[in-house]
Protein chains: 4
Amino acid sequence: MKREVRYRNQPAQQKNKCDRSMSASSAESYNTSSSDDDDDDTNPRESIQKTSKGFQDFCVRNMQQAAFGRREIEIAEQEMLGLMTLRRKGQTDKPLIGAKIIGCTHITAQTAVLIETLHSLGAQIRWCACNIYSTQNEVAAALAEAGFSVFAWKGESEADFWWCIDRCIQSDNWQPNLILDDGGDATHLILKKYPAIFGLVKGIVEESVTGVHRLYQLSKSGKLSVPAMNVNDSVTKTKFDNMYSCRESVLDALKRTTDIMLGGRQVVVCGYGEVGKGCCQALKGMGAVVMVTEIDPICALQACMDGMKVVKLSEVIKSADLVITCTGNKNVVTRDLMDKMKNSCIVCNMGHSNNEIDVNSLRTPDLTWERVRSQVDHIIWPDGKRIILIAEGRLINLSCSSIPSFVVSVTAATQALALIELFNAPAGRYKQDVYLLPKKMDEYVASLHLPSFDAHLTELTDEQAKYLGLSKCGPFKPNYYRY
Amino acid sequence: MKREVRYRNQPAQQKNKCDRSMSASSAESYNTSSSDDDDDDTNPRESIQKTSKGFQDFCVRNMQQAAFGRREIEIAEQEMLGLMTLRRKGQTDKPLIGAKIIGCTHITAQTAVLIETLHSLGAQIRWCACNIYSTQNEVAAALAEAGFSVFAWKGESEADFWWCIDRCIQSDNWQPNLILDDGGDATHLILKKYPAIFGLVKGIVEESVTGVHRLYQLSKSGKLSVPAMNVNDSVTKTKFDNMYSCRESVLDALKRTTDIMLGGRQVVVCGYGEVGKGCCQALKGMGAVVMVTEIDPICALQACMDGMKVVKLSEVIKSADLVITCTGNKNVVTRDLMDKMKNSCIVCNMGHSNNEIDVNSLRTPDLTWERVRSQVDHIIWPDGKRIILIAEGRLINLSCSSIPSFVVSVTAATQALALIELFNAPAGRYKQDVYLLPKKMDEYVASLHLPSFDAHLTELTDEQAKYLGLSKCGPFKPNYYRY
Amino acid sequence: MKREVRYRNQPAQQKNKCDRSMSASSAESYNTSSSDDDDDDTNPRESIQKTSKGFQDFCVRNMQQAAFGRREIEIAEQEMLGLMTLRRKGQTDKPLIGAKIIGCTHITAQTAVLIETLHSLGAQIRWCACNIYSTQNEVAAALAEAGFSVFAWKGESEADFWWCIDRCIQSDNWQPNLILDDGGDATHLILKKYPAIFGLVKGIVEESVTGVHRLYQLSKSGKLSVPAMNVNDSVTKTKFDNMYSCRESVLDALKRTTDIMLGGRQVVVCGYGEVGKGCCQALKGMGAVVMVTEIDPICALQACMDGMKVVKLSEVIKSADLVITCTGNKNVVTRDLMDKMKNSCIVCNMGHSNNEIDVNSLRTPDLTWERVRSQVDHIIWPDGKRIILIAEGRLINLSCSSIPSFVVSVTAATQALALIELFNAPAGRYKQDVYLLPKKMDEYVASLHLPSFDAHLTELTDEQAKYLGLSKCGPFKPNYYRY
Amino acid sequence: MKREVRYRNQPAQQKNKCDRSMSASSAESYNTSSSDDDDDDTNPRESIQKTSKGFQDFCVRNMQQAAFGRREIEIAEQEMLGLMTLRRKGQTDKPLIGAKIIGCTHITAQTAVLIETLHSLGAQIRWCACNIYSTQNEVAAALAEAGFSVFAWKGESEADFWWCIDRCIQSDNWQPNLILDDGGDATHLILKKYPAIFGLVKGIVEESVTGVHRLYQLSKSGKLSVPAMNVNDSVTKTKFDNMYSCRESVLDALKRTTDIMLGGRQVVVCGYGEVGKGCCQALKGMGAVVMVTEIDPICALQACMDGMKVVKLSEVIKSADLVITCTGNKNVVTRDLMDKMKNSCIVCNMGHSNNEIDVNSLRTPDLTWERVRSQVDHIIWPDGKRIILIAEGRLINLSCSSIPSFVVSVTAATQALALIELFNAPAGRYKQDVYLLPKKMDEYVASLHLPSFDAHLTELTDEQAKYLGLSKCGPFKPNYYRY
């Protein structure tokens, strides 16, 4: 669920054309570090672009950033051992020879590692962005320089956005047979505009909540004529992309923006799902006094057993030093509550969307906003009280920290395996439906990343496998296993 | 899974009449603290028993222990807030009026709290033991003194065992309409011997792996003519009864038996499922250097991210101070590995069954066994090396520590709710099948236990409930949610 | 400080003859596990005793327990690696040849390992008990069987006590030249009754607060005619014997007595010195919600930074599930506070003495005491509220858990080294004064215990040693270093 | 020790004129965030400067930054509750009326809070920088605008440096009677050049290792004619400024530079003093597998008991993902060791100075340096292996993270109290010597910071104070207490 909402700050049902522009601020902040200086106001569609080798079938912002982009890709490769292993292992049998993939995702250094891995496994590739603001221009340039047909830049208009997807699809002598989508826009466009092409597609891999939701709706209404793989709900993605990734990034985001000392501070974490669990672990490790709010009694009981007081926000709001929302809900921190906060209380959001904190309620004439640093506003009450709002209520892990490449590697390897599975599955294995990745593949993705930790798996003996009724190479758990 | 295997040390498929006697040693050790002194060798079936009020429809070991048993029950009540709340809340509507329950479970102080809760909710009750060794005689006496028809004592013979179940079933003017079973023996007997009675039963509640397995087999073969509830796989039971319960008991069991200082010790925990996770947390909290072995790459990756080296046992066996098995597998610690252990290494089992450590391989003429304390053996190699084996490889949390009543309360409340649900469900809601407890009830069980922690749940506003598409009173999560 | 107060429950200034009998209950409980069955009411002084080899210069309770005692000593040896290493290393140069040591300490399995180590280093030894209740009779028997002149049994009278010390001192052809004391009684007796012998003593090693206090008073008044070593304040003793030892024992003591589940429970730890720090670490590791009370703002600030709320006991008493005193102060938990506790609150003492909890205030007619288990009383208020008092307010780590032999090894090795130092020091190094163990020896004691953890020290290069201005073999820190 | 070495990267004995320029890079990086844009190359000494009110007795870089500096000061005030409380409490009695203080320290927002606190307590003040690179120009401007005589800017020459100090001392109708020094340069200059002024000084407060070292030398050689206070070794400074501050900053510095995921990574922390302890705590909280190297067996034993393997760096270098030095020693990570590191290993320094990692050994023709990000170099071996060096071996907590204002507040409050004590002490209390801050003041500093955590101290009753032999308002511990 997390990755999708990073860029699309609306519940699925409100999905519409405004989506991309409304999520601009979040995506914009996400990439400030890499591409701030693209002040060129020529539309890339109107400029003539060519790589050093004369290749021209692409459209990016600035080819001069290619070398910088290449270095960022190389740095990402160091951390994406899982994907690199997949690349190496597939060198001989090249399981994607014949695959023609249209990709429509965020274009970052980590995505580039995925793209080049797919290529290395035999696939032909055309790629565009799933978000008008999230493209790392230098990475797009590096991909183009390497000969990939990339159509994407940071700051696309709505028209540019669809033009780029369209350019991916339309190519002489090339018809896609696989779609890797994030949000469902490429899928949607092909289905609507190029039904003939859609009919030839062997499978769709989708990683976002929104995209998966659209797929299930298609399926329900009988319009899904190809098998699709929902990688959003695979174990490795949900457990690692949520809990561990948030554990890693919450302190980082808080420190970069506020320099707050966390030891001894009273922190309220709203929500004890995977994200809340990750935040609590990190904050306790740093010596904070952590409290939790929950609506679900089972998660509340877990919070208790994990050593945290479960409170209502209204009960402790006066003494909180820091309030972090991780609920997926809206208006969790209301104006009413913020009126009661003490001076210097920090408020921020790790959950999803940008409406967990009711930021709009703070835009009233009696309150003064003061931008004290990038991503940090002081909201000042008439009596002089200040509360500190980070990233205007958007996700601080995306706005104010970086996602470790290792975590992205887990998700990207899952996507790659889903593509391979759909492309190579014997006819009939997958019908016109939405599938979860087989558990065995989830386990394989995990195993690809174990060498990063020099972790050594134990193997079952024949006798043990028989005793447990398991195959020696997995899957090792029933589908309902909770990990 | 855990509760069942506490007393039945065999995989389900090997289930047979020998079961009870083979599991004797485990159950025996479990209760050594409470009823060691029942040296009376008269068979209770042959003695005349009567309560202070003249009640005679029961059969226990020694009525003189009733007062002692009552005190143990009262102590348990203090910790079983969830069950006590259920008792209080049901005082007015008495949802079990008309219910006639046959119970066949371990008879402990905590079970007594459950029995008296069911009674207080309106039910009529007859109870027997599911294990020939696990009955706390003083508790059985206290229940009898309170007027309950209890048929159980510690040290029943195979014949006694079935006689007791039979006495529960057969009673003038009384026919059971609900069965609460642990292992399936009562269910089995009624089905076979009293098919007419079985036909009138409104539902079965089963909490053991074995019993659930038998129910699914009955269902498959079309012989299950009544609805059954599988409480073994409810969230609160699996998460709390396994991870948290083991976290609480592993240090206790180690200290009581060996007085080992854990700080700085190199511990290998075999298996990183719920039990392994709980053990690791406790051991790390005490300053041990913890390593993990795993066969499943997903669990292995979790262990890595949680800060533990994942190793093969053979790689680290020479330097380990302590090896704890939590795998559910057999022969995890083999003679070959034990030959390589260093002097004073401690070996014990927290998993299931008694064959995770290959104890039989140690019964060879070259090795000397020395019983140094209750539950502690030194196995001495020819060169003088000693390894320390706890509880002869049986479960140390059961053999050498106690299970907190709070944890049992969670499971017992689940059982009570399942009985209420089956008894009150409108006709047709449940067919002749095996059901999982509805998630809403899982959530209710959790909520019953939150006051123990002075935990305050947050309630959704109407607007939030609508936004999330949830009912304000739950259930709050999809069924596949992993917690 | 801790070891001393284990048996002497009075502040130093109140020290008098009643000391031993008043501390009886604590010592008694300490040893219940080992020697409960010595019902023989013959005074050992009146019985004829002889070892299997005919040796007779000793006086113990029951020689038939010698084999059992030997096994306990052997178990202790396994954990006391530091002491065993010292024994092995001293085999060739035997640094205590010529030493004649009078020991007056608690006589336990761990003490036996110390005694046999000293003997193995060349010393001649005579030993008695520093407490009338703390002797493990089986250990005393084992020592006698091994040929040591031990004069001690559990349950000595006041007269027996002094008779035993006297018998140690008076021996034909033997005059002590070293004293190892715990509390100062042997020192005192020799000084008063045998001034001539005292004049020949080369040094005294004292490990208790009380004994050290008496030595400083002697020194002040000019009566200390021999050098004395204060091992009570050495780093390894204070840091390890307090913080780590308490961390290991607090959970054990709580579990053995109350079976309480600690996860999620609200615990107030009174005092955040070394003992409080150890308790908090253990409790947090188990998922408890821990709060701290403090009088010292520096320790309070440490508690904050370590993630705990610092509160007054009166503010939180109504919601506490567990109150643990670790202050060294008296009347920390008063009747007034206990009146406000909630039902089932547990109260216990890890600090020192038996007056941190004002237990006497609970002995009023309106309250009912109910002994529910060994070491556990329910105190029942008129309205039915119960609080659970452990060990009648005595130290629960001593009364209800065991001290790991490893920790005792650290202190015992310090004592042994202090004896060696005093015995071998060149004339003039030590004057008639009280000394702290040289830091280098503290470091040596630590280094003796590192192999238990397979810990590998780094050595300074010549260049580094020069850069730091340190000797390559230490000492490595200034005396005021806080660790 | 830490604060001093932040800017002076040489052992005290090598102190010479080159000191300031050699430490340039460290100080430079420290301030990159705030004053990067001072491209004006006019020497401030040559420009005419005036505040909005016409005040001219100061010399800073750029008065136009005053408003920005004021905001930074206000942000710092929010976190420096201790200092602000001191300010408020001293409003009525103004304990520094008549004090004329020369300050020579780093000039940062936190220092400004100290300066304005001292002024608010009645003192007159003149201030200069103790380091040619560490001045925050905007803060200096804000202080000048507020009417303070500040002489400092970032990027002073050696001549500028001494000129600034000199301008502080020389002022019409004003002679300093207190010195607040960091490094001893102001003290040195006054002593040498203005002995008459030195003779009138009532006291010196010094917070650096180097400065304290110089004071002790002066004292030894009989040249210290005024009392001096060593605040470097006060408890609150050493414990909080080292352990807790490093715990807070180590993750921040690593994340900002490398985005590394820490969970599961094998980290070697060299040195387990206060800094190492803080780093280990933070890293373990984040799920890293932490190992420790130590030369001191006592610290090594602590590391063991705290749950870490103690290893030699050479033994584990091949598998380390991250090596952090915290030793205070030099050449801890040598070329030889770096030759053995695996690809992508990160190396950095949290200790002191810039020579813990032998960076010079990496400047050989066979290795390629590649600057991949600010503060991050890849060092590339001929075979393609890269190691990642942060901040060229300088302190990463200073170079790549920020120090929480709260921690600085503790040290600054200590300095303020030391000045008050020296200024108000009755004649004769302090001789011409170097003193530690009285423990009672250490305790007071701690108490000033407790309200930040809503911490409530417990007060002794009269009876308890008498029992413990303590005053009710402290000091509460003996001087040798280790905390």
# chains A, B, ... in the order shown; residues from 1 in each chain; ligands from 1
>>> select_by_dssp(residues="segment 52-190 of chain A", states="helix (DSSP H, G or I)", output="PyMOL selection string")
chain A and resi 63-79+81-89+109-120+137-145+158-169+185-190
>>> write_last_selection(atoms="C-alpha atoms", output="short mmCIF file (atom, residue, chain, number, x, y, z; two decimals), in the first residue's frame")
data_model
loop_
_atom_site.label_atom_id
_atom_site.label_comp_id
_atom_site.auth_asym_id
_atom_site.auth_seq_id
_atom_site.Cartn_x
_atom_site.Cartn_y
_atom_site.Cartn_z
CA MET A 63 21.43 14.42 -21.96
CA GLN A 64 24.36 16.22 -20.39
CA GLN A 65 23.40 14.74 -17.04
CA ALA A 66 23.91 11.20 -18.31
CA ALA A 67 27.28 10.67 -16.61
CA PHE A 68 25.96 11.90 -13.26
CA GLY A 69 22.96 9.65 -13.67
CA ARG A 70 25.19 6.68 -14.44
CA ARG A 71 27.07 7.18 -11.19
CA GLU A 72 23.84 7.29 -9.22
CA ILE A 73 22.80 4.03 -10.89
CA GLU A 74 26.12 2.46 -9.96
CA ILE A 75 25.72 3.52 -6.35
CA ALA A 76 22.24 1.99 -6.32
CA GLU A 77 23.60 -1.26 -7.79
CA GLN A 78 25.87 -1.69 -4.78
CA GLU A 79 22.86 -1.93 -2.48
CA LEU A 81 22.26 -7.22 -4.47
CA GLY A 82 19.05 -9.17 -4.99
CA LEU A 83 18.43 -7.66 -8.37
CA MET A 84 22.07 -7.96 -9.39
CA THR A 85 22.04 -11.63 -8.46
CA LEU A 86 18.94 -12.16 -10.54
CA ARG A 87 20.76 -10.47 -13.41
CA ARG A 88 23.76 -12.71 -13.03
CA LYS A 89 21.78 -15.91 -12.62
CA ALA A 109 18.24 5.15 -10.00
CA GLN A 110 16.73 2.03 -8.50
CA THR A 111 14.28 1.69 -11.38
CA ALA A 112 17.20 1.96 -13.74
CA VAL A 113 18.78 -1.04 -12.07
CA LEU A 114 15.54 -2.93 -12.61
CA ILE A 115 15.32 -1.85 -16.27
CA GLU A 116 18.87 -2.88 -17.01
CA THR A 117 18.28 -6.16 -15.22
CA LEU A 118 15.24 -6.92 -17.36
CA HIS A 119 17.23 -6.03 -20.45
CA SER A 120 20.07 -8.21 -19.35
CA ASN A 137 16.28 13.54 -15.04
CA GLU A 138 19.89 12.44 -14.76
CA VAL A 139 18.83 8.81 -14.51
CA ALA A 140 16.54 9.12 -17.54
CA ALA A 141 19.46 10.63 -19.43
CA ALA A 142 21.77 7.80 -18.39
CA LEU A 143 19.23 5.22 -19.55
CA ALA A 144 18.86 6.96 -22.89
CA GLU A 145 22.63 7.11 -23.27
CA GLU A 158 -0.79 16.35 -18.20
CA ALA A 159 -0.50 16.30 -21.97
CA ASP A 160 3.17 15.40 -21.81
CA PHE A 161 2.33 12.57 -19.46
CA TRP A 162 -0.02 10.82 -21.88
CA TRP A 163 2.22 11.65 -24.83
CA CYS A 164 5.09 9.84 -23.14
CA ILE A 165 3.02 6.74 -22.47
CA ASP A 166 1.81 6.85 -26.01
CA ARG A 167 5.33 7.09 -27.38
CA CYS A 168 6.23 3.99 -25.39
CA ILE A 169 3.45 2.00 -26.94
CA ASP A 185 -2.30 4.34 -16.44
CA ALA A 186 -0.34 2.46 -19.08
CA THR A 187 -2.69 -0.50 -18.75
CA HIS A 188 -5.66 1.83 -19.06
CA LEU A 189 -4.36 3.64 -22.13
CA ILE A 190 -3.50 0.47 -24.01
#
>>> interface_residues(of="chain A", to="chain D", cutoff="7 Å", atoms="only C-alpha atoms", output="VMD selection string")
chain A and resid 78 248 252 255 259 to 261 264 to 265 282 285 to 286 344 402 404 406 453
>>> write_last_selection(atoms="N, CA and C atoms", output="CSV table (one decimal), in the first residue's frame")
chain,number,residue,atom,x,y,z
A,78,GLN,N,25.1,-1.1,-5.9
A,78,GLN,CA,25.9,-1.7,-4.8
A,78,GLN,C,24.9,-2.2,-3.7
A,248,GLU,N,13.8,2.5,9.3
A,248,GLU,CA,15.0,3.1,8.8
A,248,GLU,C,14.9,4.6,8.6
A,252,ASP,N,15.7,9.5,10.4
A,252,ASP,CA,16.4,10.3,9.4
A,252,ASP,C,15.6,11.5,9.0
A,255,LYS,N,15.4,14.0,12.0
A,255,LYS,CA,16.7,14.7,12.2
A,255,LYS,C,17.0,15.7,11.1
A,259,ASP,N,16.4,18.5,13.7
A,259,ASP,CA,17.6,18.3,14.6
A,259,ASP,C,17.1,18.0,16.0
A,260,ILE,N,15.9,17.5,16.2
A,260,ILE,CA,15.4,17.2,17.6
A,260,ILE,C,16.2,16.1,18.2
A,261,MET,N,16.4,16.3,19.5
A,261,MET,CA,17.0,15.2,20.3
A,261,MET,C,15.8,14.3,20.7
A,264,GLY,N,14.2,10.6,25.6
A,264,GLY,CA,13.4,11.1,26.6
A,264,GLY,C,12.1,11.9,26.2
A,265,ARG,N,12.0,12.1,24.9
A,265,ARG,CA,10.9,12.8,24.4
A,265,ARG,C,9.6,12.0,24.4
A,282,ALA,N,12.1,2.2,16.1
A,282,ALA,CA,13.2,3.1,15.9
A,282,ALA,C,13.2,4.1,17.0
A,285,GLY,N,14.4,2.7,20.2
A,285,GLY,CA,15.8,2.4,20.2
A,285,GLY,C,16.6,3.7,20.5
A,286,MET,N,16.0,4.8,20.2
A,286,MET,CA,16.7,6.1,20.5
A,286,MET,C,16.3,6.7,21.8
A,344,SER,N,6.1,24.2,20.8
A,344,SER,CA,7.2,23.4,20.2
A,344,SER,C,6.9,22.0,19.9
A,402,SER,N,15.5,9.4,2.6
A,402,SER,CA,15.7,8.7,1.4
A,402,SER,C,15.3,7.2,1.7
A,404,PRO,N,16.1,3.4,1.4
A,404,PRO,CA,17.3,2.7,1.1
A,404,PRO,C,17.1,1.8,-0.1
A,406,PHE,N,18.3,-0.9,-0.8
A,406,PHE,CA,18.1,-2.3,-0.5
A,406,PHE,C,16.6,-2.7,-0.4
A,453,PHE,N,23.4,-10.1,3.9
A,453,PHE,CA,23.6,-10.2,5.3
A,453,PHE,C,24.5,-11.4,5.6
>>> residues_around(residues="segment 392-395 of chain B", least_positions_apart="6", cutoff="6 Å", atoms="only C-alpha atoms", output="ChimeraX atom specification")
/B:348-350,354,357
>>> atom_distance(atom1="atom CA of Leu436 of chain B", atom2="atom CA of Val212 of chain B")
10.6 Å
>>> residues_around(residues="segment 377-385 of chain B", least_positions_apart="2", cutoff="10 Å", atoms="only C-alpha atoms", output="list in words")
Asp339, Met341, Lys342, Asn343, Ser344, Cys345, Ile346, Leu362, Arg363, Asp366, Leu367, Thr368, Trp369, Glu370, Arg371, Val372, Arg373, Ser374, Gln375, Ile387, Ile388, Leu389, Ile390, Ala391 and Glu392 of chain B; Ile75 of chain C
>>> write_last_selection(atoms="N, CA and C atoms", output="CSV table (one decimal), in the first residue's frame")
chain,number,residue,atom,x,y,z
B,339,ASP,N,28.2,-33.8,19.5
B,339,ASP,CA,29.6,-34.2,19.6
B,339,ASP,C,30.6,-33.0,19.5
B,341,MET,N,29.8,-29.8,20.3
B,341,MET,CA,29.5,-28.7,21.3
B,341,MET,C,30.7,-28.6,22.3
B,342,LYS,N,30.8,-27.4,22.8
B,342,LYS,CA,31.9,-27.2,23.8
B,342,LYS,C,31.4,-27.6,25.2
B,343,ASN,N,32.3,-27.8,26.1
B,343,ASN,CA,32.0,-28.1,27.4
B,343,ASN,C,31.0,-27.1,28.0
B,344,SER,N,30.0,-27.6,28.7
B,344,SER,CA,29.0,-26.7,29.4
B,344,SER,C,27.9,-26.2,28.5
B,345,CYS,N,27.9,-26.5,27.3
B,345,CYS,CA,26.9,-26.0,26.4
B,345,CYS,C,25.5,-26.5,26.9
B,346,ILE,N,24.5,-25.6,26.9
B,346,ILE,CA,23.2,-26.0,27.3
B,346,ILE,C,22.3,-26.3,26.1
B,362,LEU,N,21.7,-39.8,22.4
B,362,LEU,CA,22.6,-39.6,23.5
B,362,LEU,C,22.6,-40.8,24.5
B,363,ARG,N,21.7,-41.8,24.2
B,363,ARG,CA,21.6,-42.9,25.1
B,363,ARG,C,22.5,-44.0,24.6
B,366,ASP,N,28.9,-45.0,25.5
B,366,ASP,CA,30.0,-44.2,25.7
B,366,ASP,C,29.7,-42.9,26.5
B,367,LEU,N,28.5,-42.6,26.6
B,367,LEU,CA,28.1,-41.3,27.3
B,367,LEU,C,27.5,-41.7,28.7
B,368,THR,N,27.8,-40.8,29.6
B,368,THR,CA,27.3,-41.0,31.0
B,368,THR,C,26.2,-39.9,31.2
B,369,TRP,N,25.1,-40.3,31.7
B,369,TRP,CA,24.1,-39.3,32.1
B,369,TRP,C,24.2,-39.1,33.6
B,370,GLU,N,24.2,-37.8,34.0
B,370,GLU,CA,24.2,-37.5,35.4
B,370,GLU,C,23.0,-36.5,35.7
B,371,ARG,N,22.1,-36.9,36.5
B,371,ARG,CA,21.0,-36.0,36.9
B,371,ARG,C,21.5,-35.1,38.0
B,372,VAL,N,21.7,-33.8,37.6
B,372,VAL,CA,22.3,-32.9,38.6
B,372,VAL,C,21.2,-32.1,39.4
B,373,ARG,N,20.1,-31.9,38.8
B,373,ARG,CA,19.0,-31.3,39.5
B,373,ARG,C,17.7,-31.8,38.8
B,374,SER,N,16.6,-31.5,39.4
B,374,SER,CA,15.4,-31.8,38.8
B,374,SER,C,15.4,-31.2,37.4
B,375,GLN,N,15.0,-32.0,36.4
B,375,GLN,CA,14.9,-31.5,35.0
B,375,GLN,C,16.3,-31.2,34.3
B,387,ILE,N,27.6,-31.8,28.3
B,387,ILE,CA,26.6,-30.9,27.9
B,387,ILE,C,25.4,-31.0,28.8
B,388,ILE,N,24.7,-29.9,28.9
B,388,ILE,CA,23.6,-29.8,29.9
B,388,ILE,C,22.3,-29.8,29.1
B,389,LEU,N,21.6,-30.9,29.4
B,389,LEU,CA,20.3,-31.1,28.7
B,389,LEU,C,19.2,-30.8,29.7
B,390,ILE,N,18.2,-30.0,29.2
B,390,ILE,CA,17.1,-29.6,30.1
B,390,ILE,C,15.9,-30.4,29.7
B,391,ALA,N,15.2,-30.9,30.7
B,391,ALA,CA,13.9,-31.6,30.6
B,391,ALA,C,14.0,-32.7,29.6
B,392,GLU,N,15.1,-33.3,29.5
B,392,GLU,CA,15.3,-34.5,28.5
B,392,GLU,C,14.8,-34.1,27.1
C,75,ILE,N,29.5,-27.8,39.7
C,75,ILE,CA,28.6,-27.0,38.8
C,75,ILE,C,29.1,-25.6,38.8
